[in-house]
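Engineer: My structure is in final_16.cif, and what it holds is mmCIF, C-alpha atoms:
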```cif
data_run
#
loop_
_atom_site.label_atom_id
_atom_site.label_comp_id
_atom_site.auth_asym_id
_atom_site.auth_seq_id
_atom_site.Cartn_x
_atom_site.Cartn_y
_atom_site.Cartn_z
CA MET A 1 0.00 0.00 0.00
CA THR A 2 1.26 3.48 -0.80
CA GLU A 3 1.94 6.09 1.86
CA ALA A 4 -1.12 7.99 0.63
CA GLY A 5 -3.23 4.85 0.99
CA ARG A 6 -2.01 4.26 4.53
CA ALA A 7 -2.73 7.88 5.40
CA ALA A 8 -6.26 7.64 4.07
CA GLY A 9 -6.96 4.41 5.93
CA GLU A 10 -5.59 5.68 9.22
CA ARG A 11 -7.12 9.14 9.08
CA GLY A 12 -10.46 8.71 7.32
CA LEU A 13 -13.29 9.33 9.78
CA ALA A 14 -16.40 9.34 7.61
CA VAL A 15 -17.78 9.76 4.10
CA LEU A 16 -20.88 11.99 3.83
CA ARG A 17 -23.19 11.49 0.86
CA GLY A 18 -26.18 13.56 -0.17
CA HIS A 19 -25.11 16.09 -2.80
CA THR A 20 -26.09 15.27 -6.37
CA ASN A 21 -23.48 17.44 -8.06
CA TRP A 22 -20.06 18.96 -7.38
CA ILE A 23 -19.35 20.26 -3.88
CA HIS A 24 -17.81 23.71 -4.07
CA ARG A 25 -17.52 24.99 -0.48
CA LEU A 26 -17.32 23.64 3.08
CA VAL A 27 -17.35 25.44 6.42
CA PHE A 28 -17.58 24.33 10.05
CA SER A 29 -19.76 26.08 12.62
CA PRO A 30 -17.86 28.01 15.31
CA ASP A 31 -18.38 25.20 17.86
CA GLY A 32 -17.33 22.56 15.33
CA LYS A 33 -20.53 20.53 15.77
CA LEU A 34 -21.96 21.33 12.34
CA LEU A 35 -20.55 21.30 8.83
CA ALA A 36 -22.20 23.24 6.02
CA SER A 37 -21.68 22.35 2.38
CA GLY A 38 -22.69 24.08 -0.82
CA GLY A 39 -22.64 22.75 -4.32
CA TRP A 40 -23.67 22.73 -7.91
CA ASP A 41 -26.94 20.99 -7.06
CA HIS A 42 -28.10 24.44 -5.83
CA MET A 43 -28.29 23.09 -2.29
CA VAL A 44 -26.87 24.07 1.07
CA ARG A 45 -26.65 21.06 3.36
CA LEU A 46 -26.09 20.87 7.12
CA TRP A 47 -24.31 17.90 8.67
CA ASP A 48 -23.87 16.60 12.22
CA VAL A 49 -20.11 16.10 12.43
CA ALA A 50 -20.03 13.69 15.38
CA ALA A 51 -22.83 11.51 14.00
CA ALA A 52 -21.62 11.89 10.40
CA ARG A 53 -25.15 12.37 9.08
CA GLN A 54 -27.11 14.99 7.18
CA LEU A 55 -29.43 17.15 9.25
CA ALA A 56 -31.05 19.28 6.57
CA GLY A 57 -31.03 20.47 3.00
CA LEU A 58 -31.64 24.19 2.65
CA LYS A 59 -33.53 24.98 -0.55
CA GLY A 60 -33.71 28.45 -2.03
CA HIS A 61 -30.83 29.02 -4.42
CA THR A 62 -31.63 28.52 -8.08
CA THR A 63 -28.00 28.25 -9.20
CA GLU A 64 -24.73 26.83 -7.91
CA VAL A 65 -23.67 27.68 -4.34
CA TYR A 66 -20.15 29.11 -4.32
CA CYS A 67 -19.52 30.34 -0.77
CA LEU A 68 -20.58 29.87 2.86
CA ALA A 69 -19.96 31.50 6.23
CA PHE A 70 -21.34 31.02 9.74
CA SER A 71 -21.97 34.01 11.99
CA PRO A 72 -19.68 34.13 15.07
CA ASP A 73 -22.51 32.92 17.33
CA GLY A 74 -23.31 30.07 14.93
CA GLU A 75 -26.97 31.07 14.68
CA THR A 76 -26.89 32.28 11.07
CA LEU A 77 -25.42 30.78 7.91
CA ALA A 78 -24.74 32.90 4.84
CA SER A 79 -24.55 31.37 1.36
CA GLY A 80 -23.73 32.99 -1.97
CA SER A 81 -24.68 31.76 -5.41
CA ALA A 82 -23.78 31.90 -9.07
CA ASN A 83 -24.94 34.05 -11.96
CA ALA A 84 -28.71 34.17 -12.70
CA ASP A 85 -29.24 34.12 -8.92
CA SER A 86 -26.25 36.11 -7.62
CA VAL A 87 -27.60 36.60 -4.11
CA VAL A 88 -26.53 36.04 -0.53
CA ARG A 89 -29.10 34.10 1.48
CA LEU A 90 -29.13 34.16 5.28
CA TRP A 91 -30.42 31.05 7.05
CA ASN A 92 -31.56 30.46 10.61
CA VAL A 93 -29.42 27.47 11.58
CA GLU A 94 -31.82 26.21 14.27
CA THR A 95 -35.06 26.41 12.28
CA ARG A 96 -33.38 25.87 8.86
CA GLU A 97 -35.53 28.70 7.48
CA GLU A 98 -34.32 31.51 5.26
CA ARG A 99 -34.08 34.79 7.15
CA ALA A 100 -33.23 37.16 4.30
CA THR A 101 -32.18 37.40 0.68
CA LEU A 102 -29.49 40.00 -0.05
CA SER A 103 -29.72 41.07 -3.69
CA GLY A 104 -27.42 43.45 -5.51
CA HIS A 105 -24.52 41.58 -7.06
CA ALA A 106 -24.57 41.37 -10.86
CA ASN A 107 -22.62 38.14 -11.20
CA VAL A 108 -21.31 35.15 -9.23
CA VAL A 109 -21.04 35.73 -5.47
CA HIS A 110 -17.73 34.02 -4.74
CA GLY A 111 -16.97 35.00 -1.14
CA VAL A 112 -18.86 35.92 2.02
CA ALA A 113 -17.80 36.73 5.59
CA PHE A 114 -19.24 37.95 8.89
CA SER A 115 -17.56 40.64 10.96
CA PRO A 116 -16.21 39.40 14.32
CA ASP A 117 -19.18 40.96 16.14
CA GLY A 118 -21.66 39.52 13.63
CA ALA A 119 -23.14 42.94 12.89
CA THR A 120 -21.99 43.13 9.27
CA VAL A 121 -21.81 40.73 6.34
CA ALA A 122 -19.37 41.29 3.48
CA SER A 123 -19.78 39.65 0.08
CA CYS A 124 -17.77 39.76 -3.12
CA GLY A 125 -17.87 38.37 -6.60
CA TYR A 126 -17.27 38.37 -10.30
CA ASP A 127 -18.85 41.82 -10.68
CA ARG A 128 -15.62 43.16 -9.07
CA ASN A 129 -17.51 44.63 -6.14
CA VAL A 130 -17.53 44.12 -2.40
CA LYS A 131 -20.82 44.79 -0.65
CA LEU A 132 -21.48 45.34 3.05
CA TRP A 133 -24.84 44.33 4.51
CA ASP A 134 -26.79 44.67 7.74
CA PRO A 135 -27.81 41.04 8.41
CA LYS A 136 -30.51 41.92 10.92
CA ARG A 137 -32.35 44.29 8.59
CA GLY A 138 -31.34 42.49 5.41
CA THR A 139 -30.26 45.77 3.81
CA GLU A 140 -27.20 46.89 1.87
CA LEU A 141 -24.94 49.35 3.68
CA THR A 142 -22.50 50.21 0.89
CA THR A 143 -20.61 48.98 -2.15
CA LEU A 144 -16.82 49.04 -2.21
CA GLY A 145 -15.79 49.15 -5.86
CA ASP A 146 -12.52 50.06 -7.56
CA HIS A 147 -11.36 46.44 -8.06
CA THR A 148 -9.93 45.67 -11.48
CA ARG A 149 -10.56 41.91 -11.45
CA GLN A 150 -13.08 39.46 -9.99
CA VAL A 151 -13.04 39.48 -6.17
CA TYR A 152 -12.70 35.94 -4.82
CA GLU A 153 -12.41 36.31 -1.04
CA VAL A 154 -13.22 38.80 1.72
CA ALA A 155 -12.33 38.81 5.42
CA PHE A 156 -12.61 41.22 8.31
CA LEU A 157 -9.48 41.87 10.30
CA PRO A 158 -9.89 41.01 14.01
CA ASP A 159 -9.97 44.69 15.00
CA GLN A 160 -13.08 45.15 12.78
CA LYS A 161 -11.63 48.36 11.39
CA THR A 162 -10.37 46.90 8.12
CA LEU A 163 -11.70 44.56 5.45
CA ALA A 164 -9.42 42.59 3.13
CA ALA A 165 -10.59 41.81 -0.40
CA VAL A 166 -8.59 39.47 -2.64
CA THR A 167 -8.94 39.43 -6.43
CA VAL A 168 -8.32 36.48 -8.71
CA ASP A 169 -4.86 37.83 -9.58
CA THR A 170 -4.04 37.78 -5.82
CA ASN A 171 -4.04 41.54 -5.37
CA VAL A 172 -5.18 42.38 -1.83
CA ARG A 173 -7.11 45.59 -1.26
CA LEU A 174 -7.44 46.71 2.37
CA TRP A 175 -10.49 48.88 3.04
CA ASP A 176 -10.85 51.27 5.97
CA LEU A 177 -14.37 50.56 7.17
CA ALA A 178 -14.82 53.95 8.84
CA SER A 179 -14.05 56.01 5.74
CA ARG A 180 -14.97 53.21 3.30
CA GLU A 181 -11.86 54.08 1.35
CA PRO A 182 -8.94 51.80 0.40
CA SER A 183 -6.06 52.07 2.84
CA ALA A 184 -3.55 49.84 1.05
CA THR A 185 -3.07 47.55 -1.93
CA ILE A 186 -0.70 44.59 -1.87
CA LYS A 187 0.49 43.56 -5.31
CA GLY A 188 -0.35 39.98 -6.23
CA ARG A 189 2.10 37.33 -7.38
CA MET A 190 -0.13 35.38 -9.75
CA ARG A 191 -1.96 36.23 -12.95
CA TRP A 192 -4.80 33.89 -12.04
CA ALA A 193 -5.36 31.75 -8.93
CA HIS A 194 -7.57 28.68 -8.97
CA ALA A 195 -7.89 28.81 -5.17
CA LEU A 196 -7.41 31.50 -2.53
CA ALA A 197 -7.51 31.48 1.28
CA LEU A 198 -6.85 33.98 4.05
CA SER A 199 -5.68 32.93 7.49
CA SER A 200 -8.04 33.56 10.41
CA ASP A 201 -5.99 36.57 11.56
CA VAL A 202 -5.80 37.83 7.94
CA GLN A 203 -2.01 37.92 8.11
CA LEU A 204 -1.38 35.26 5.47
CA LEU A 205 -2.68 34.66 1.96
CA ALA A 206 -2.40 31.38 0.09
CA GLY A 207 -2.91 30.95 -3.63
CA GLY A 208 -3.17 27.64 -5.44
CA TYR A 209 -2.77 27.15 -9.16
CA GLY A 210 -1.20 24.92 -11.80
CA TYR A 211 0.89 24.99 -14.93
CA ARG A 212 2.38 22.67 -17.53
CA ASP A 213 6.06 21.88 -17.10
CA GLN A 214 7.71 22.61 -20.43
CA GLN A 215 10.35 19.92 -20.01
CA THR A 216 8.15 17.02 -18.92
CA GLN A 217 4.88 18.30 -20.45
CA ARG A 218 3.18 17.29 -17.20
CA SER A 219 0.75 19.42 -15.23
CA VAL A 220 2.13 20.62 -11.91
CA GLY A 221 0.27 21.97 -8.89
CA GLU A 222 1.79 24.73 -6.80
CA ILE A 223 0.82 26.84 -3.78
CA GLN A 224 2.34 30.15 -2.78
CA VAL A 225 1.95 31.72 0.65
CA TRP A 226 2.85 35.29 1.58
CA GLU A 227 2.37 37.78 4.36
CA ILE A 228 -0.12 40.64 4.51
CA PRO A 229 0.59 43.54 4.26
CA SER A 230 4.36 43.17 3.67
CA GLY A 231 4.01 40.82 0.71
CA LYS A 232 6.92 38.75 2.00
CA SER A 233 6.92 35.18 0.72
CA ARG A 234 6.38 32.41 3.26
CA GLY A 235 7.14 29.66 0.81
CA VAL A 236 6.19 27.74 -2.31
CA PHE A 237 4.66 24.30 -1.81
CA ARG A 238 4.93 21.65 -4.53
CA GLY A 239 3.68 18.09 -4.45
CA HIS A 240 0.32 17.93 -6.22
CA GLU A 241 0.53 16.18 -9.56
CA ASN A 242 -1.97 18.53 -11.16
CA TRP A 243 -3.59 21.92 -10.58
CA VAL A 244 -4.50 22.96 -7.04
CA TYR A 245 -8.17 23.91 -6.71
CA SER A 246 -8.65 24.42 -2.95
CA VAL A 247 -6.61 25.73 -0.01
CA ALA A 248 -7.37 26.41 3.66
CA PHE A 249 -5.37 27.50 6.70
CA SER A 250 -5.68 25.73 10.03
CA PRO A 251 -7.19 27.96 12.75
CA ASP A 252 -3.80 28.40 14.45
CA GLY A 253 -2.14 29.34 11.16
CA GLN A 254 0.50 26.61 11.44
CA ARG A 255 -0.75 24.30 8.70
CA LEU A 256 -2.21 24.56 5.25
CA ALA A 257 -4.51 22.08 3.53
CA SER A 258 -4.81 21.78 -0.23
CA GLY A 259 -6.81 19.75 -2.71
CA GLY A 260 -6.66 19.52 -6.44
CA TRP A 261 -7.14 17.93 -9.81
CA ASP A 262 -5.13 14.86 -8.77
CA GLY A 263 -7.89 13.92 -6.29
CA THR A 264 -5.63 14.11 -3.25
CA VAL A 265 -5.70 16.29 -0.15
CA LYS A 266 -2.41 17.39 1.35
CA VAL A 267 -1.56 19.01 4.68
CA TRP A 268 1.57 21.17 4.92
CA ASP A 269 3.64 22.57 7.78
CA LEU A 270 3.83 26.31 7.05
CA ALA A 271 6.97 26.88 9.11
CA THR A 272 9.08 24.22 7.41
CA GLY A 273 7.29 23.70 4.08
CA VAL A 274 7.17 19.98 4.79
CA GLU A 275 4.25 17.95 3.49
CA LEU A 276 2.82 16.33 6.62
CA VAL A 277 0.39 13.90 5.01
CA THR A 278 -1.38 13.02 1.77
CA LEU A 279 -5.01 11.93 2.10
CA ALA A 280 -6.31 9.74 -0.72
CA GLY A 281 -9.91 8.65 -1.14
CA HIS A 282 -11.63 11.07 -3.48
CA HIS A 283 -12.16 9.82 -7.01
CA ASP A 284 -11.98 13.18 -8.76
CA ILE A 285 -11.03 16.86 -8.37
CA VAL A 286 -11.11 18.25 -4.81
CA LEU A 287 -12.77 21.68 -4.87
CA ALA A 288 -13.16 22.35 -1.15
CA VAL A 289 -11.16 21.85 2.06
CA ALA A 290 -11.91 23.19 5.55
CA PHE A 291 -10.48 22.73 9.04
CA SER A 292 -12.64 22.36 12.13
CA PRO A 293 -12.25 25.16 14.73
CA ASP A 294 -9.96 23.01 16.88
CA GLY A 295 -7.89 21.99 13.86
CA LYS A 296 -8.37 18.28 14.50
CA ILE A 297 -10.72 17.47 11.62
CA LEU A 298 -10.34 18.32 7.97
CA ALA A 299 -13.29 18.16 5.59
CA SER A 300 -12.88 17.83 1.83
CA GLY A 301 -15.26 17.60 -1.11
CA GLY A 302 -15.48 18.00 -4.85
CA TYR A 303 -16.40 16.40 -8.13
CA ASP A 304 -17.19 12.95 -6.72
CA GLN A 305 -20.10 14.49 -4.74
CA THR A 306 -18.82 13.15 -1.41
CA ILE A 307 -17.56 14.90 1.70
CA ARG A 308 -14.75 13.17 3.52
CA LEU A 309 -13.82 13.84 7.14
CA TRP A 310 -10.21 13.25 8.13
CA ASP A 311 -8.41 13.07 11.47
CA VAL A 312 -5.56 15.59 11.16
CA GLY A 313 -5.12 16.27 14.86
CA THR A 314 -2.61 13.49 15.40
CA LYS A 315 0.77 12.74 13.90
#
```
Please rewrite the model in this file as structure tokens.
Structural biologist:
Amino acid sequence: MTEAGRAAGERGLAVLRGHTNWIHRLVFSPDGKLLASGGWDHMVRLWDVAAARQLAGLKGHTTEVYCLAFSPDGETLASGSANADSVVRLWNVETREERATLSGHANVVHGVAFSPDGATVASCGYDRNVKLWDPKRGTELTTLGDHTRQVYEVAFLPDQKTLAAVTVDTNVRLWDLASREPSATIKGRMRWAHALALSSDVQLLAGGYGYRDQQTQRSVGEIQVWEIPSGKSRGVFRGHENWVYSVAFSPDGQRLASGGWDGTVKVWDLATGVELVTLAGHHDIVLAVAFSPDGKILASGGYDQTIRLWDVGTK
């Protein structure tokens, strides 16, 4: 058995089935008891992590679900969808009912985030805009434009004074939330990223992508990590045998998970650049990876329509 096979056998906790198309995004609730998934079947699904079973399917989106975020208190789930719908829907996690529909984006909603106090929701997308919303009233507060490419990810800094917005070319725009003006722009290192992730403290940015090696004519997956706002490189991680389509930081910022076209999930040590483990089990491209709040469980999902839970809390 290969090392990847041993890793999968030792670390695989559960396989969750229920989606009927590709799974694009995964996120754990703040207490780690629930996992939310969104996919190309237009569904948001809630899962009991300990019992490894589906609790509910949230119906409302009419197109693919691209992004998810729990509120800090875990009572609300936000989901964003693709073109022809292009909305953010807010769900009551306990009742599984839709609380509000936030309309205003003109294209795919690719990222969504709650402020640390839960009082504001930020969303971003292919229309190159970031929007701020009042989740209680279900109203738009403002639009932060001036981005030159599609905006893939947004995150509030812990002090709640600044919002980071990352475009597909890995430029990072920092917005002052008081003045609603940009305070800094960090130049990106990639022309186009297939996957982007910000660390929980918004001090690190990871970008995953792929290219064809001109000598071997083989596709190669690569991840770059750098610091915000200095732009200093924290390393380049190679090991995937094809393009990287998903990346996620562990809550403590010490590890990075990645998934890609080769169907594997890898976990990396950010300090040393060492690949800690390869998790094999998916039968197709891995589009989504997410750590639990305690960093002990990793969830992954993608083209094979399954979610896999892995034990990554032990050596």
Engineer: Let me have the centre and edge lengths in Å, one decimal, of the box along x, y and z around every listed atom of segment 172-191 of chain A with 4 Å of margin on each side, as JSON.
Structural biologist:
```
{"center_x": -6.4, "center_y": 45.7, "center_z": -2.1, "size_x": 25.1, "size_y": 28.6, "size_z": 29.8}
```
Engineer: For Ser300 of chain A, work out the shell of residues within 8 Å, counting only C-alpha atoms and skipping chain neighbours fewer than 2 positions away, then give it as a short mmCIF file (atom, residue, chain, number, x, y, z; two decimals) with C-alpha atoms, keeping the file's coordinate frame.
Structural biologist:
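Output saved as around_32.cif:
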```
data_model
loop_
_atom_site.label_atom_id
_atom_site.label_comp_id
_atom_site.auth_asym_id
_atom_site.auth_seq_id
_atom_site.Cartn_x
_atom_site.Cartn_y
_atom_site.Cartn_z
CA LEU A 26 -17.32 23.64 3.08
CA GLY A 259 -6.81 19.75 -2.71
CA VAL A 265 -5.70 16.29 -0.15
CA VAL A 286 -11.11 18.25 -4.81
CA LEU A 287 -12.77 21.68 -4.87
CA ALA A 288 -13.16 22.35 -1.15
CA VAL A 289 -11.16 21.85 2.06
CA ALA A 290 -11.91 23.19 5.55
CA LEU A 298 -10.34 18.32 7.97
CA GLY A 302 -15.48 18.00 -4.85
CA ILE A 307 -17.56 14.90 1.70
CA ARG A 308 -14.75 13.17 3.52
CA LEU A 309 -13.82 13.84 7.14
#
```
Engineer: Leaving out segment 118-122 of chain A and any residue of its chain fewer than 2 positions from it, which residues lie within 9 Å of it when counting only C-alpha atoms, given as a VMD selection string?
Structural biologist: chain A and resid 71 to 73 78 111 to 116 124 130 to 136 141 154 to 156 163
Engineer: Which residue gives the smallest distance to Val274 of chain A among A:Trp40, A:Tyr211, A:Trp91, A:Phe237, with only C-alpha atoms counted?
Structural biologist: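 Checking each of A:Trp40, A:Tyr211, A:Trp91, A:Phe237 against Val274 of chain A, counting only C-alpha atoms, the winner is A:Phe237.
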Engineer: For Gly145 of chain A, which residue out of A:Leu68, A:Val220, A:Ala165, A:Val236 is the nearest one, using all atoms listed in the file?
Structural biologist: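 Between A:Leu68, A:Val220, A:Ala165, A:Val236, the residue approaching Gly145 of chain A most closely is A:Ala165.
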Engineer: Exactly which residues make up the result of the PyMOL selection byres ((chain A and resi 170-186) around 10) on this file, given as a PyMOL selection string?
Structural biologist: chain A and resi 132+142-149+151-157+160-169+187-193+195-196+205-207+227-231
Engineer: From the options A:Arg218, A:Arg255, A:His61, A:His105, which residue's atoms come nearest to Trp268 of chain A, counting all atoms listed in the file?
Structural biologist: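 Among the listed residues, A:Arg255 lies closest to Trp268 of chain A.
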Engineer: Name every residue that the PyMOL selection byres ((chain A and resi 45) around 10) selects in this structure, writing the answer as a PDB file with C-alpha atoms, keeping the file's coordinate frame with chains first and numbers rising.
Structural biologist:
```pdb
ATOM      1  CA  GLY A  18     -26.180  13.560  -0.170  1.00  0.00           C
ATOM      2  CA  HIS A  19     -25.110  16.090  -2.800  1.00  0.00           C
ATOM      3  CA  LEU A  26     -17.320  23.640   3.080  1.00  0.00           C
ATOM      4  CA  LEU A  35     -20.550  21.300   8.830  1.00  0.00           C
ATOM      5  CA  ALA A  36     -22.200  23.240   6.020  1.00  0.00           C
ATOM      6  CA  SER A  37     -21.680  22.350   2.380  1.00  0.00           C
ATOM      7  CA  GLY A  38     -22.690  24.080  -0.820  1.00  0.00           C
ATOM      8  CA  GLY A  39     -22.640  22.750  -4.320  1.00  0.00           C
ATOM      9  CA  HIS A  42     -28.100  24.440  -5.830  1.00  0.00           C
ATOM     10  CA  MET A  43     -28.290  23.090  -2.290  1.00  0.00           C
ATOM     11  CA  VAL A  44     -26.870  24.070   1.070  1.00  0.00           C
ATOM     12  CA  LEU A  46     -26.090  20.870   7.120  1.00  0.00           C
ATOM     13  CA  TRP A  47     -24.310  17.900   8.670  1.00  0.00           C
ATOM     14  CA  GLN A  54     -27.110  14.990   7.180  1.00  0.00           C
ATOM     15  CA  LEU A  55     -29.430  17.150   9.250  1.00  0.00           C
ATOM     16  CA  ALA A  56     -31.050  19.280   6.570  1.00  0.00           C
ATOM     17  CA  GLY A  57     -31.030  20.470   3.000  1.00  0.00           C
ATOM     18  CA  LEU A  58     -31.640  24.190   2.650  1.00  0.00           C
ATOM     19  CA  LYS A  59     -33.530  24.980  -0.550  1.00  0.00           C
ATOM     20  CA  ARG A  96     -33.380  25.870   8.860  1.00  0.00           C
TER      21      ARG A  96
END
```
Engineer: Can you work out which one of A:Thr62, A:Arg137, A:Tyr126, A:Gly32 has the shortest atom-to-atom distance to Leu90 of chain A, counting only C-alpha atoms?
Structural biologist: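 Result for the nearest residue to Leu90 of chain A: A:Arg137.
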